[in-house]
$ cat start.cif   # mmCIF, C-alpha atoms and all ligand atoms
data_input
#
loop_
_atom_site.label_atom_id
_atom_site.label_comp_id
_atom_site.auth_asym_id
_atom_site.auth_seq_id
_atom_site.Cartn_x
_atom_site.Cartn_y
_atom_site.Cartn_z
CA MET A 21 0.00 0.00 0.00
CA ASP A 22 1.35 3.42 -0.87
CA PRO A 23 1.21 5.48 2.30
CA GLU A 24 1.35 8.70 0.30
CA LEU A 25 -1.86 7.93 -1.53
CA LEU A 26 -3.72 6.25 1.29
CA ARG A 27 -6.07 5.11 -1.48
CA ASP A 28 -8.34 8.02 -2.31
CA ASP A 29 -10.32 7.05 -5.40
CA ASP A 30 -12.92 9.58 -6.54
CA PRO A 31 -15.72 10.34 -6.35
CA ASP A 32 -16.79 8.65 -3.13
CA ILE A 33 -13.44 7.74 -1.65
CA ALA A 34 -13.54 4.05 -2.39
CA LEU A 35 -13.69 1.38 0.27
CA LEU A 36 -10.31 -0.18 0.96
CA THR A 37 -10.55 -3.91 1.67
CA VAL A 38 -7.96 -6.68 1.96
CA LEU A 39 -9.87 -9.83 2.96
CA ARG A 40 -11.82 -11.60 0.21
CA ASP A 41 -14.84 -13.83 0.68
CA ASP A 42 -12.79 -17.00 0.13
CA GLY A 43 -10.44 -16.07 3.00
CA SER A 44 -7.54 -14.96 0.79
CA ALA A 45 -5.95 -11.51 0.98
CA ASP A 46 -5.85 -9.07 -1.95
CA PRO A 47 -2.12 -8.75 -2.76
CA ALA A 48 -2.62 -5.14 -3.91
CA THR A 49 -3.68 -4.01 -0.45
CA ASP A 50 -2.32 -6.73 1.89
CA PRO A 51 -0.22 -4.99 4.58
CA GLY A 52 1.92 -8.14 5.00
CA MET A 53 1.35 -8.80 8.69
CA SER A 54 3.40 -11.63 10.19
CA SER A 55 1.65 -14.86 11.21
CA GLU A 56 2.42 -14.00 14.81
CA THR A 57 0.72 -10.58 14.57
CA LEU A 58 -2.29 -12.05 12.78
CA LEU A 59 -2.72 -14.70 15.46
CA ARG A 60 -2.33 -12.10 18.16
CA GLY A 61 -4.99 -9.94 16.55
CA TYR A 62 -7.32 -12.92 16.29
CA ARG A 63 -6.80 -13.85 19.92
CA GLU A 64 -7.49 -10.28 21.08
CA MET A 65 -10.61 -9.98 18.95
CA ARG A 66 -11.93 -13.28 20.29
CA ARG A 67 -11.17 -12.29 23.85
CA LEU A 68 -12.97 -9.00 23.38
CA ARG A 69 -16.03 -10.74 21.91
CA LEU A 70 -16.18 -13.10 24.90
CA LEU A 71 -15.46 -10.34 27.40
CA ASP A 72 -18.27 -8.15 26.05
CA ALA A 73 -20.76 -11.04 26.23
CA ARG A 74 -19.76 -11.79 29.81
CA MET A 75 -19.98 -8.15 30.90
CA ILE A 76 -23.45 -7.78 29.39
CA LEU A 77 -24.54 -10.84 31.36
CA LEU A 78 -23.13 -9.31 34.53
CA GLN A 79 -25.10 -6.15 33.86
CA ARG A 80 -28.29 -8.14 33.29
CA GLN A 81 -27.67 -9.89 36.62
CA GLY A 82 -27.31 -6.53 38.33
CA ARG A 83 -23.66 -7.09 39.17
CA VAL A 84 -22.39 -4.07 37.19
CA GLY A 85 -24.34 -0.94 36.31
CA PHE A 86 -23.65 -0.29 32.64
CA TYR A 87 -21.67 -1.64 29.72
CA GLY A 88 -20.97 -0.56 26.15
CA ALA A 89 -19.93 -3.43 23.89
CA ALA A 90 -17.87 -3.40 20.70
CA HIS A 91 -19.66 -6.43 19.17
CA GLY A 92 -19.10 -6.36 15.41
CA GLN A 93 -16.56 -3.55 15.69
CA GLU A 94 -13.65 -5.48 17.22
CA ALA A 95 -11.32 -5.15 14.22
CA VAL A 96 -10.79 -1.40 14.64
CA PRO A 97 -9.63 -1.25 18.28
CA ILE A 98 -7.58 -4.44 18.01
CA ALA A 99 -5.86 -3.32 14.78
CA THR A 100 -5.11 -0.01 16.49
CA GLY A 101 -3.52 -1.75 19.46
CA LEU A 102 -1.31 -3.69 17.06
CA ALA A 103 -0.35 -0.66 14.95
CA VAL A 104 0.51 1.98 17.57
CA ARG A 105 3.87 2.43 19.26
CA PRO A 106 4.11 2.40 23.07
CA ASP A 107 4.71 6.17 23.17
CA ASP A 108 1.63 7.02 21.05
CA TRP A 109 -1.49 8.29 22.86
CA VAL A 110 -4.96 6.89 22.31
CA PHE A 111 -8.16 8.93 22.81
CA PRO A 112 -11.06 6.48 22.51
CA ALA A 113 -14.83 6.86 22.33
CA LEU A 114 -17.17 4.16 23.72
CA ARG A 115 -16.10 1.28 21.44
CA GLU A 116 -12.31 1.42 21.61
CA GLN A 117 -11.42 0.86 25.27
CA SER A 118 -9.89 -2.50 24.34
CA VAL A 119 -6.96 -0.83 22.55
CA MET A 120 -5.34 -0.69 25.98
CA LEU A 121 -5.73 -4.44 26.49
CA VAL A 122 -3.69 -5.07 23.35
CA ARG A 123 -1.05 -2.70 24.76
CA GLY A 124 -0.68 -4.80 27.90
CA PHE A 125 -3.16 -3.29 30.36
CA PRO A 126 -4.19 -6.03 32.85
CA LEU A 127 -7.59 -7.59 32.18
CA THR A 128 -8.44 -7.59 35.88
CA THR A 129 -7.85 -3.83 36.23
CA PHE A 130 -9.87 -3.27 33.06
CA ILE A 131 -12.79 -5.23 34.50
CA ALA A 132 -12.43 -3.54 37.90
CA GLN A 133 -13.25 -0.22 36.22
CA VAL A 134 -16.64 -1.64 35.24
CA PHE A 135 -17.25 -2.70 38.84
CA GLY A 136 -15.84 0.63 40.08
CA ASN A 137 -14.31 -1.09 43.11
CA ALA A 138 -10.98 -0.97 44.92
CA GLY A 139 -9.21 -2.55 41.92
CA ASP A 140 -10.20 0.38 39.71
CA VAL A 141 -7.39 2.87 39.13
CA LEU A 142 -10.10 5.55 38.81
CA LYS A 143 -11.43 4.76 42.32
CA GLY A 144 -14.95 4.15 41.05
CA ARG A 145 -15.41 7.75 39.95
CA GLN A 146 -16.06 7.21 36.26
CA MET A 147 -19.05 5.67 34.57
CA PRO A 148 -18.43 1.98 33.72
CA SER A 149 -16.80 1.27 30.31
CA HIS A 150 -14.69 4.43 30.57
CA GLN A 151 -11.34 2.79 31.25
CA SER A 152 -8.06 4.66 31.00
CA GLY A 153 -4.44 3.88 31.76
CA ARG A 154 -1.53 6.27 32.03
CA ALA A 155 0.97 3.41 31.68
CA VAL A 156 -0.48 2.43 28.30
CA HIS A 157 -1.04 6.04 27.16
CA GLN A 158 -4.81 5.83 26.97
CA VAL A 159 -7.06 8.70 28.01
CA SER A 160 -10.57 8.20 29.39
CA TRP A 161 -13.54 8.95 27.21
CA SER A 162 -15.54 11.78 28.73
CA SER A 163 -19.00 10.42 27.75
CA CYS A 164 -19.89 13.64 25.96
CA ILE A 165 -19.85 12.98 22.25
CA GLY A 166 -16.85 14.56 20.53
CA PRO A 167 -14.49 16.33 22.94
CA GLN A 168 -11.83 13.63 22.76
CA LEU A 169 -11.15 14.77 19.19
CA PRO A 170 -9.85 18.29 19.98
CA HIS A 171 -8.13 16.84 23.06
CA ALA A 172 -6.21 14.45 20.82
CA VAL A 173 -5.29 17.11 18.28
CA GLY A 174 -4.06 19.40 21.06
CA ALA A 175 -2.03 16.57 22.56
CA ALA A 176 -0.58 15.80 19.12
CA TRP A 177 0.40 19.44 18.68
CA ALA A 178 2.07 19.44 22.09
CA MET A 179 3.93 16.23 21.31
CA ARG A 180 5.24 17.77 18.13
CA ALA A 181 6.34 20.91 20.01
CA LYS A 182 8.17 18.67 22.46
CA LYS A 183 9.60 16.61 19.58
CA THR A 184 8.56 13.33 21.20
CA GLY A 185 7.98 11.60 17.85
CA ALA A 186 4.71 10.22 19.20
CA VAL A 187 1.32 10.33 17.48
CA ALA A 188 -2.19 10.78 18.91
CA VAL A 189 -4.98 8.51 17.65
CA ALA A 190 -8.53 9.68 18.29
CA PHE A 191 -11.83 7.89 17.75
CA SER A 192 -15.44 8.85 17.29
CA GLY A 193 -18.64 7.38 15.98
CA ASP A 194 -20.54 8.66 12.95
CA GLY A 195 -22.90 10.59 15.23
CA ALA A 196 -19.98 12.57 16.61
CA THR A 197 -19.31 14.06 13.17
CA SER A 198 -22.39 16.26 13.75
CA GLN A 199 -20.75 17.82 16.80
CA GLY A 200 -18.81 21.09 16.60
CA ASP A 201 -15.85 19.45 18.30
CA PHE A 202 -15.35 17.18 15.31
CA HIS A 203 -15.03 20.14 12.96
CA ALA A 204 -12.82 22.13 15.32
CA ALA A 205 -10.50 19.15 15.66
CA MET A 206 -10.33 18.48 11.92
CA ASN A 207 -9.69 22.13 11.13
CA PHE A 208 -6.99 22.52 13.75
CA ALA A 209 -5.33 19.25 12.72
CA GLY A 210 -5.29 20.31 9.07
CA VAL A 211 -4.03 23.85 9.60
CA TRP A 212 -1.31 22.88 12.07
CA ARG A 213 -0.49 19.49 10.53
CA ALA A 214 -0.76 17.93 13.95
CA PRO A 215 0.73 14.41 14.15
CA CYS A 216 -2.56 12.59 14.65
CA VAL A 217 -4.90 10.07 13.12
CA ILE A 218 -8.62 10.70 13.54
CA VAL A 219 -10.72 7.57 13.11
CA CYS A 220 -14.50 7.60 12.74
CA GLN A 221 -16.14 4.24 13.24
CA ASN A 222 -19.18 4.50 11.02
CA ASN A 223 -21.31 1.76 12.61
CA HIS A 224 -24.43 3.10 10.87
CA TRP A 225 -26.27 4.10 14.05
CA SER A 226 -26.02 6.76 16.76
CA ILE A 227 -28.26 5.06 19.27
CA SER A 228 -31.52 5.20 17.23
CA VAL A 229 -30.42 7.74 14.58
CA PRO A 230 -29.20 6.18 11.30
CA THR A 231 -26.17 7.66 9.52
CA SER A 232 -28.47 8.73 6.66
CA LYS A 233 -30.06 11.24 9.06
CA GLN A 234 -26.68 12.32 10.40
CA THR A 235 -25.14 13.69 7.21
CA ALA A 236 -25.97 14.45 3.58
CA SER A 237 -22.38 13.69 2.54
CA ARG A 238 -22.06 10.54 0.46
CA THR A 239 -19.41 9.22 2.81
CA ILE A 240 -17.92 10.32 6.10
CA ALA A 241 -14.38 10.07 4.72
CA VAL A 242 -15.06 12.77 2.13
CA LYS A 243 -15.41 15.35 4.91
CA ALA A 244 -11.61 15.27 5.25
CA ARG A 245 -11.24 17.09 1.92
CA ALA A 246 -12.75 20.29 3.30
CA TYR A 247 -10.00 20.39 5.92
CA GLY A 248 -7.11 19.61 3.56
CA ILE A 249 -6.51 16.22 5.15
CA PRO A 250 -6.29 12.88 3.33
CA GLY A 251 -9.50 10.92 3.87
CA VAL A 252 -9.46 7.13 3.78
CA ARG A 253 -12.51 4.87 3.75
CA VAL A 254 -11.61 1.45 5.00
CA ASP A 255 -13.54 -1.75 5.57
CA GLY A 256 -13.81 -1.62 9.34
CA ASN A 257 -14.64 -5.34 9.56
CA ASP A 258 -11.32 -6.29 7.99
CA LEU A 259 -8.48 -6.39 10.52
CA LEU A 260 -5.81 -6.42 7.80
CA ALA A 261 -7.23 -3.41 5.98
CA VAL A 262 -7.61 -1.36 9.16
CA TYR A 263 -4.11 -2.33 10.32
CA GLY A 264 -2.59 -1.35 6.96
CA VAL A 265 -4.36 2.01 6.84
CA LEU A 266 -3.50 2.88 10.43
CA ARG A 267 0.13 1.81 10.09
CA ASP A 268 0.53 4.06 7.02
CA ALA A 269 -1.34 6.95 8.65
CA LEU A 270 0.78 6.65 11.81
CA ASP A 271 3.95 6.63 9.67
CA ARG A 272 2.78 9.74 7.83
CA ALA A 273 2.07 11.58 11.06
CA ARG A 274 5.36 10.46 12.61
CA ARG A 275 7.48 11.77 9.76
CA GLY A 276 5.77 15.16 9.86
CA ALA A 277 3.55 14.71 6.80
CA GLY A 278 0.40 15.60 8.77
CA PRO A 279 -2.84 14.09 9.96
CA THR A 280 -5.08 11.49 8.31
CA PHE A 281 -8.82 11.02 8.69
CA VAL A 282 -10.08 7.45 8.51
CA GLU A 283 -13.69 6.34 8.11
CA ALA A 284 -13.94 2.70 9.19
CA VAL A 285 -17.15 1.27 7.76
CA THR A 286 -18.60 -1.22 10.21
CA TYR A 287 -21.80 -2.11 12.03
CA ARG A 288 -22.91 -2.09 15.65
CA MET A 289 -24.24 -5.65 15.99
CA GLY A 290 -25.58 -5.24 19.49
CA ALA A 291 -27.42 -2.57 21.41
CA HIS A 292 -25.92 0.91 21.75
CA SER A 293 -25.31 0.02 25.40
CA THR A 294 -27.00 -2.01 28.10
CA SER A 295 -29.51 0.87 28.40
CA ASP A 296 -30.79 0.42 24.83
CA ASP A 297 -33.16 -1.87 22.92
CA PRO A 298 -32.35 -1.68 19.18
CA THR A 299 -35.33 -3.86 18.16
CA ARG A 300 -37.43 -0.72 18.67
CA TYR A 301 -35.81 1.16 15.81
CA ARG A 302 -34.02 -1.11 13.34
CA ALA A 303 -34.89 -4.11 11.19
CA GLN A 304 -33.53 -7.55 12.01
CA ALA A 305 -32.89 -8.11 8.29
CA GLU A 306 -30.27 -5.34 8.38
CA VAL A 307 -28.54 -6.92 11.37
CA ASP A 308 -28.63 -10.35 9.68
CA ALA A 309 -27.04 -8.92 6.52
CA TRP A 310 -24.17 -7.43 8.52
CA ALA A 311 -23.73 -10.66 10.49
CA LYS A 312 -22.47 -12.19 7.24
CA LYS A 313 -19.60 -9.67 7.30
CA ASP A 314 -18.62 -10.41 10.89
CA PRO A 315 -15.00 -9.26 11.41
CA LEU A 316 -14.06 -12.25 13.54
CA ASP A 317 -15.46 -14.76 11.03
CA ARG A 318 -13.63 -13.04 8.19
CA LEU A 319 -10.29 -13.11 10.00
CA ARG A 320 -10.93 -16.71 11.00
CA ARG A 321 -11.48 -17.66 7.33
CA HIS A 322 -8.18 -16.00 6.47
CA LEU A 323 -6.27 -17.83 9.19
CA VAL A 324 -7.80 -21.15 8.08
CA HIS A 325 -6.82 -20.26 4.50
CA LEU A 326 -3.24 -19.69 5.70
CA GLY A 327 -3.30 -22.94 7.68
CA LEU A 328 -2.66 -21.08 10.95
CA ILE A 329 -5.72 -22.35 12.86
CA THR A 330 -7.97 -25.40 12.91
CA ASP A 331 -11.36 -26.13 14.47
CA ALA A 332 -9.56 -27.88 17.32
CA SER A 333 -7.15 -24.99 18.00
CA ASP A 334 -10.09 -22.59 17.84
CA ALA A 335 -12.13 -24.54 20.38
CA ALA A 336 -9.09 -24.72 22.68
CA LEU A 337 -8.57 -20.95 22.35
CA ASP A 338 -12.21 -20.33 23.26
CA ARG A 339 -11.92 -22.49 26.36
CA GLU A 340 -8.70 -20.78 27.40
CA LEU A 341 -10.08 -17.26 26.95
CA THR A 342 -13.39 -18.08 28.65
CA ALA A 343 -11.45 -19.42 31.64
CA GLU A 344 -9.19 -16.34 31.69
CA ILE A 345 -12.19 -14.00 31.74
CA ALA A 346 -14.05 -16.06 34.35
CA ALA A 347 -10.99 -16.06 36.64
CA ALA A 348 -10.54 -12.29 36.17
CA VAL A 349 -14.21 -11.57 36.97
CA ASP A 350 -14.05 -13.81 40.07
CA GLU A 351 -10.94 -12.08 41.29
CA VAL A 352 -12.29 -8.57 40.70
CA GLU A 353 -15.75 -9.17 42.12
CA LYS A 354 -14.23 -10.18 45.47
CA LEU A 355 -12.62 -6.76 45.89
CA PRO A 356 -14.19 -4.28 48.29
CA ALA A 357 -15.58 -0.87 47.37
CA PRO A 358 -13.00 1.91 47.00
CA GLU A 359 -11.70 3.29 50.31
CA ARG A 360 -14.29 5.78 51.59
CA GLU A 361 -11.59 8.35 52.26
CA SER A 362 -10.56 8.18 48.60
CA LEU A 363 -13.64 10.36 47.95
CA LEU A 364 -11.60 13.31 49.11
CA ALA A 365 -8.32 12.36 47.47
CA ASP A 366 -6.85 13.93 44.30
CA VAL A 367 -8.91 17.14 44.54
CA TYR A 368 -5.88 19.38 45.10
CA ALA A 369 -2.18 18.56 45.39
CA GLU A 370 -2.45 19.83 49.00
CA PRO A 371 -5.82 19.20 50.69
CA THR A 372 -7.55 22.48 51.60
CA TRP A 373 -8.89 23.21 55.14
CA ASN A 374 -12.44 22.20 54.23
CA LEU A 375 -11.31 18.89 52.72
CA ARG A 376 -9.32 18.17 55.90
CA GLU A 377 -12.40 19.01 57.96
CA GLN A 378 -14.58 16.67 55.87
CA LEU A 379 -11.99 13.91 56.21
CA GLY A 380 -12.15 14.32 59.99
CA GLU A 381 -15.96 14.06 59.93
CA LEU A 382 -15.77 10.96 57.76
CA ARG A 383 -13.36 9.29 60.19
CA ARG A 384 -15.52 10.17 63.21
CA ALA A 385 -18.59 8.72 61.44
CA GLY A 386 -17.10 5.23 61.82
CA PRO A 387 -17.15 2.38 59.30
CA ALA A 388 -19.39 2.54 56.26
CA PRO A 389 -22.65 0.55 56.48
CA THR A 390 -22.47 -2.78 54.70
CA HIS A 391 -25.10 -3.87 52.19
CA GLY A 392 -26.50 -7.23 51.25
C1 LIG B 401 -22.88 15.97 23.54
C2 LIG B 401 -23.72 14.75 23.70
N1 LIG B 401 -24.92 14.66 23.11
C3 LIG B 401 -25.67 13.54 23.24
C4 LIG B 401 -25.21 12.49 24.02
C5 LIG B 401 -26.07 11.24 24.18
N2 LIG B 401 -25.43 10.16 23.40
C6 LIG B 401 -24.66 9.22 23.99
S1 LIG B 401 -24.03 8.14 22.87
C7 LIG B 401 -24.79 8.91 21.60
C8 LIG B 401 -24.65 8.42 20.18
C9 LIG B 401 -23.26 8.39 19.70
O1 LIG B 401 -23.25 7.90 18.39
P1 LIG B 401 -21.92 7.75 17.59
O2 LIG B 401 -21.08 8.97 17.71
O3 LIG B 401 -22.30 7.33 16.21
O4 LIG B 401 -21.13 6.57 18.33
P2 LIG B 401 -21.58 5.07 18.62
O5 LIG B 401 -22.21 5.07 19.99
O6 LIG B 401 -22.51 4.63 17.55
O7 LIG B 401 -20.32 4.29 18.63
C10 LIG B 401 -25.54 10.01 22.04
C11 LIG B 401 -26.34 10.87 21.15
C12 LIG B 401 -23.96 12.64 24.65
N3 LIG B 401 -23.43 11.66 25.38
N4 LIG B 401 -23.22 13.74 24.47
#
$ encode --input "start.cif" --output "C-alpha cells" --more "lines below"
Ligand SMILES: Cc1ncc(C[n+]2csc(CCOP(=O)(O)OP(=O)(O)O)c2C)c(N)n1
Amino acid sequence: MDPELLRDDDPDIALLTVLRDDGSADPATDPGMSSETLLRGYREMRRLRLLDARMILLQRQGRVGFYGAAHGQEAVPIATGLAVRPDDWVFPALREQSVMLVRGFPLTTFIAQVFGNAGDVLKGRQMPSHQSGRAVHQVSWSSCIGPQLPHAVGAAWAMRAKKTGAVAVAFSGDGATSQGDFHAAMNFAGVWRAPCVIVCQNNHWSISVPTSKQTASRTIAVKARAYGIPGVRVDGNDLLAVYGVLRDALDRARRGAGPTFVEAVTYRMGAHSTSDDPTRYRAQAEVDAWAKKDPLDRLRRHLVHLGLITDASDAALDRELTAEIAAAVDEVEKLPAPERESLLADVYAEPTWNLREQLGELRRAGPAPTHG
C-alpha cells in the first residue's frame, strides 16, 4: 500500500478492503502482517467478543451498572492496538477501550473499572466502560460525544512541540461528526499538521439515529477534503485493511507529513449500550445482513486459508479465553468498594482546610454501612 496515496479514489473515496470472501488476501492491499501478529490480533478480537458477552450478562444480573460493547466492531480497536507504538497516545470513544488491552493493560484492572471497586485505578469515579491507563497512554472517554477529538489534536500538537515523535490517535462514531468538536479538531489538525490520526467508526447508528439522518455527505471520509486532510474509507470489519491504513497513517504523522482522517465502515451488531433496545428502531434483516460480514469470522477464514488455525485450536482458544475471563471476573468481584476516604483524594495537590475538615468528619462517622 502506498502510504502517500492512502487510497483516495474519486468520487466517493472508495472502500479499501484486503480480505476476500474466500479467505484470501488481496495482494494489492495486503499490509503483510506476520503470522504472529495475525494470530495475536485474532486472539485479542476473540477475547474482546467473549469479554463483552460476559460483561453484558453481569449487567443483566445486576452485578455491574452499565456496559458498552464493541460487538461487530472489534477489528478497529484491536488493529489499532497492534499498529501503535508504546509512546503514542490513544483517545477512545465508547467502542475502543480495548486498545489498551492489546497494549498490555491487565484484564483484571480493566474489568475492575466496570465494577468501580478498589481494583479500579479511577477509584470508582467514572461511569463503567470508561477505562483509561496512564501506563499504556490511553485517556478516558468523557462520555460527551466529541471532545476527545480536539483533546487528541491538542495533545498531538504538544507532542510535536516537544519533539517526542509520538502520534495521537482519536476515535469517534458517525454521530460525533455532527458535533462542533469534530469540525474544530479536523480544522486545527489540518491547519497545524498535527501528528494525529482521527478515526471515525461508522457503525451506521447513533443510538436510534441512522447515519443517513446524520449527514448528507455521500461518505464520512469525504469530509476530510474540506479540511485539507487525506481521507481514507476502510472496511472496518477487515483487521488487515484497518491495520494497513493505520500503520501508514501513523507513519505519515510520525514523519511530519500531517494528519489522516479514517472512516472505518462497520456495524454495531448489538445494542448501543446495556440501556438500549435496538429492536425498537431497526430491522432484524439489516442486522442479519451485517452478520455475514462479521470481522471475527472473516479473520478466522483468512487464518484457516493460511493454515494457521484449525477447528480444534479454535475450540481450545475459546476455552482458554473463557477461563481467563471467568478467573478475572471472580478475582475482581471479590474486591471491596473503594476506600471511603478516597472520595476526598486527588482534589488538590495539598488538601484544603475544608477537605481536611470533611476527612475528619468521615473518620468520626465510623465504618461505612455494609449492604447485602
Ligand atoms: C454531547 C452529547 N450529546 C448527546 C449524548 C447522548 N449520546 C450518547 S451516545 C450517543 C450516540 C453516539 O453515536 P456515535 O457517535 O455514532 O457513536 P456510537 O455510539 O454509535 O459508537 C448520544 C447521542 C452525549 N453523550 N453527548
$ closest_atom_pairs --input "start.cif" --of "chain A" --to "ligand LIG 401 (chain B)" --cutoff "8 Å" --atoms "only C-alpha atoms and all ligand atoms" --output "tab-separated table"
residue	atom	partner	partner_atom	distance
A:Ala113	CA	B:LIG401	O7	7.1
A:Leu114	CA	B:LIG401	O7	6.0
A:Arg115	CA	B:LIG401	O7	5.9
A:Ser163	CA	B:LIG401	N3	5.2
A:Cys164	CA	B:LIG401	N4	3.6
A:Ile165	CA	B:LIG401	N4	4.1
A:Gly166	CA	B:LIG401	C1	6.9
A:Ser192	CA	B:LIG401	O2	5.7
A:Gly193	CA	B:LIG401	O2	3.4
A:Asp194	CA	B:LIG401	O3	3.9
A:Gly195	CA	B:LIG401	O3	3.5
A:Ala196	CA	B:LIG401	O2	3.9
A:Thr197	CA	B:LIG401	O2	7.0
A:Gln199	CA	B:LIG401	C1	7.3
A:Gln221	CA	B:LIG401	O7	6.8
A:Asn222	CA	B:LIG401	O3	6.7
A:Asn223	CA	B:LIG401	O6	5.8
A:His224	CA	B:LIG401	O6	7.1
A:Trp225	CA	B:LIG401	O6	5.2
A:Ser226	CA	B:LIG401	O1	3.4
A:Ile227	CA	B:LIG401	C8	5.0
A:Thr231	CA	B:LIG401	O3	7.7
A:Arg288	CA	B:LIG401	O6	7.0
A:His292	CA	B:LIG401	O5	5.8
$ closest_atom_pairs --input "start.cif" --of "range 71-176 of chain A" --to "range 347-360 of chain A" --cutoff "12 Å" --atoms "all atoms listed in the file" --output "JSON lines"
{"residue": "A:Leu71", "atom": "CA", "partner": "A:Val349", "partner_atom": "CA", "distance": 9.7}
{"residue": "A:Arg74", "atom": "CA", "partner": "A:Val349", "partner_atom": "CA", "distance": 9.1}
{"residue": "A:Met75", "atom": "CA", "partner": "A:Val349", "partner_atom": "CA", "distance": 9.0}
{"residue": "A:Leu77", "atom": "CA", "partner": "A:Val349", "partner_atom": "CA", "distance": 11.8}
{"residue": "A:Leu78", "atom": "CA", "partner": "A:Val349", "partner_atom": "CA", "distance": 9.5}
{"residue": "A:Arg83", "atom": "CA", "partner": "A:Glu353", "partner_atom": "CA", "distance": 8.7}
{"residue": "A:Val84", "atom": "CA", "partner": "A:Glu353", "partner_atom": "CA", "distance": 9.7}
{"residue": "A:Pro126", "atom": "CA", "partner": "A:Ala348", "partner_atom": "CA", "distance": 9.5}
{"residue": "A:Leu127", "atom": "CA", "partner": "A:Ala348", "partner_atom": "CA", "distance": 6.8}
{"residue": "A:Thr128", "atom": "CA", "partner": "A:Ala348", "partner_atom": "CA", "distance": 5.2}
{"residue": "A:Thr129", "atom": "CA", "partner": "A:Val352", "partner_atom": "CA", "distance": 7.9}
{"residue": "A:Phe130", "atom": "CA", "partner": "A:Ala348", "partner_atom": "CA", "distance": 9.6}
{"residue": "A:Ile131", "atom": "CA", "partner": "A:Val349", "partner_atom": "CA", "distance": 7.0}
{"residue": "A:Ala132", "atom": "CA", "partner": "A:Val352", "partner_atom": "CA", "distance": 5.8}
{"residue": "A:Gln133", "atom": "CA", "partner": "A:Val352", "partner_atom": "CA", "distance": 9.5}
{"residue": "A:Val134", "atom": "CA", "partner": "A:Val352", "partner_atom": "CA", "distance": 9.8}
{"residue": "A:Phe135", "atom": "CA", "partner": "A:Glu353", "partner_atom": "CA", "distance": 7.4}
{"residue": "A:Gly136", "atom": "CA", "partner": "A:Ala357", "partner_atom": "CA", "distance": 7.4}
{"residue": "A:Asn137", "atom": "CA", "partner": "A:Ala357", "partner_atom": "CA", "distance": 4.5}
{"residue": "A:Ala138", "atom": "CA", "partner": "A:Pro358", "partner_atom": "CA", "distance": 4.1}
{"residue": "A:Gly139", "atom": "CA", "partner": "A:Leu355", "partner_atom": "CA", "distance": 6.7}
{"residue": "A:Asp140", "atom": "CA", "partner": "A:Pro358", "partner_atom": "CA", "distance": 8.0}
{"residue": "A:Val141", "atom": "CA", "partner": "A:Pro358", "partner_atom": "CA", "distance": 9.7}
{"residue": "A:Leu142", "atom": "CA", "partner": "A:Pro358", "partner_atom": "CA", "distance": 9.4}
{"residue": "A:Lys143", "atom": "CA", "partner": "A:Pro358", "partner_atom": "CA", "distance": 5.7}
{"residue": "A:Gly144", "atom": "CA", "partner": "A:Pro358", "partner_atom": "CA", "distance": 6.7}
{"residue": "A:Arg145", "atom": "CA", "partner": "A:Pro358", "partner_atom": "CA", "distance": 9.5}
$ atom_distance --input "start.cif" --atom1 "CA of Arg63 in chain A" --atom2 "CA of Arg154 in chain A"
24.1 Å
$ atom_distance --input "start.cif" --atom1 "CA of Lys313 in chain A" --atom2 "CA of Arg339 in chain A"
24.2 Å
$ axis_aligned_box --input "start.cif" --around "range 205-214 of chain A" --padding-each-side "8 Å" --output "JSON"
{"center_x": -5.5, "center_y": 20.9, "center_z": 12.4, "size_x": 26.0, "size_y": 21.9, "size_z": 22.6}
$ atom_distance --input "start.cif" --atom1 "CA of Leu70 in chain A" --atom2 "CA of Ile345 in chain A"
8.0 Å
$ closest_residue --input "start.cif" --among "A:Ala343, A:Ala335, A:Leu266, A:Val119" --to "Leu68 in chain A" --atoms "only C-alpha atoms"
A:Val119
$ residues_around --input "start.cif" --residues "range 168-171 of chain A" --least-positions-apart "5" --cutoff "6 Å" --atoms "only C-alpha atoms" --output "ChimeraX atom specification"
/A:111,190,205
$ closest_residue --input "start.cif" --among "A:Gln234, A:Thr294, A:Arg302, A:Val187" --to "Gly278 in chain A" --atoms "all atoms listed in the file"
A:Val187
$ closest_residue --input "start.cif" --among "A:Arg300, A:Arg318, A:His325, A:Arg238" --to "Asp258 in chain A" --atoms "only C-alpha atoms"
A:Arg318
$ residues_around --input "start.cif" --residues "Arg253 in chain A" --least-positions-apart "5" --cutoff "6 Å" --atoms "all atoms listed in the file" --output "ChimeraX atom specification"
/A:35,241,282-283
$ residues_around --input "start.cif" --residues "range 42-57 of chain A" --least-positions-apart "6" --cutoff "8 Å" --atoms "all atoms listed in the file" --output "list in words"
Met21, Leu36, Leu102, Leu260, Ala261, Tyr263, Gly264, Arg318, Leu319, Arg321, His322, Leu323, Val324, His325 and Leu328 of chain A
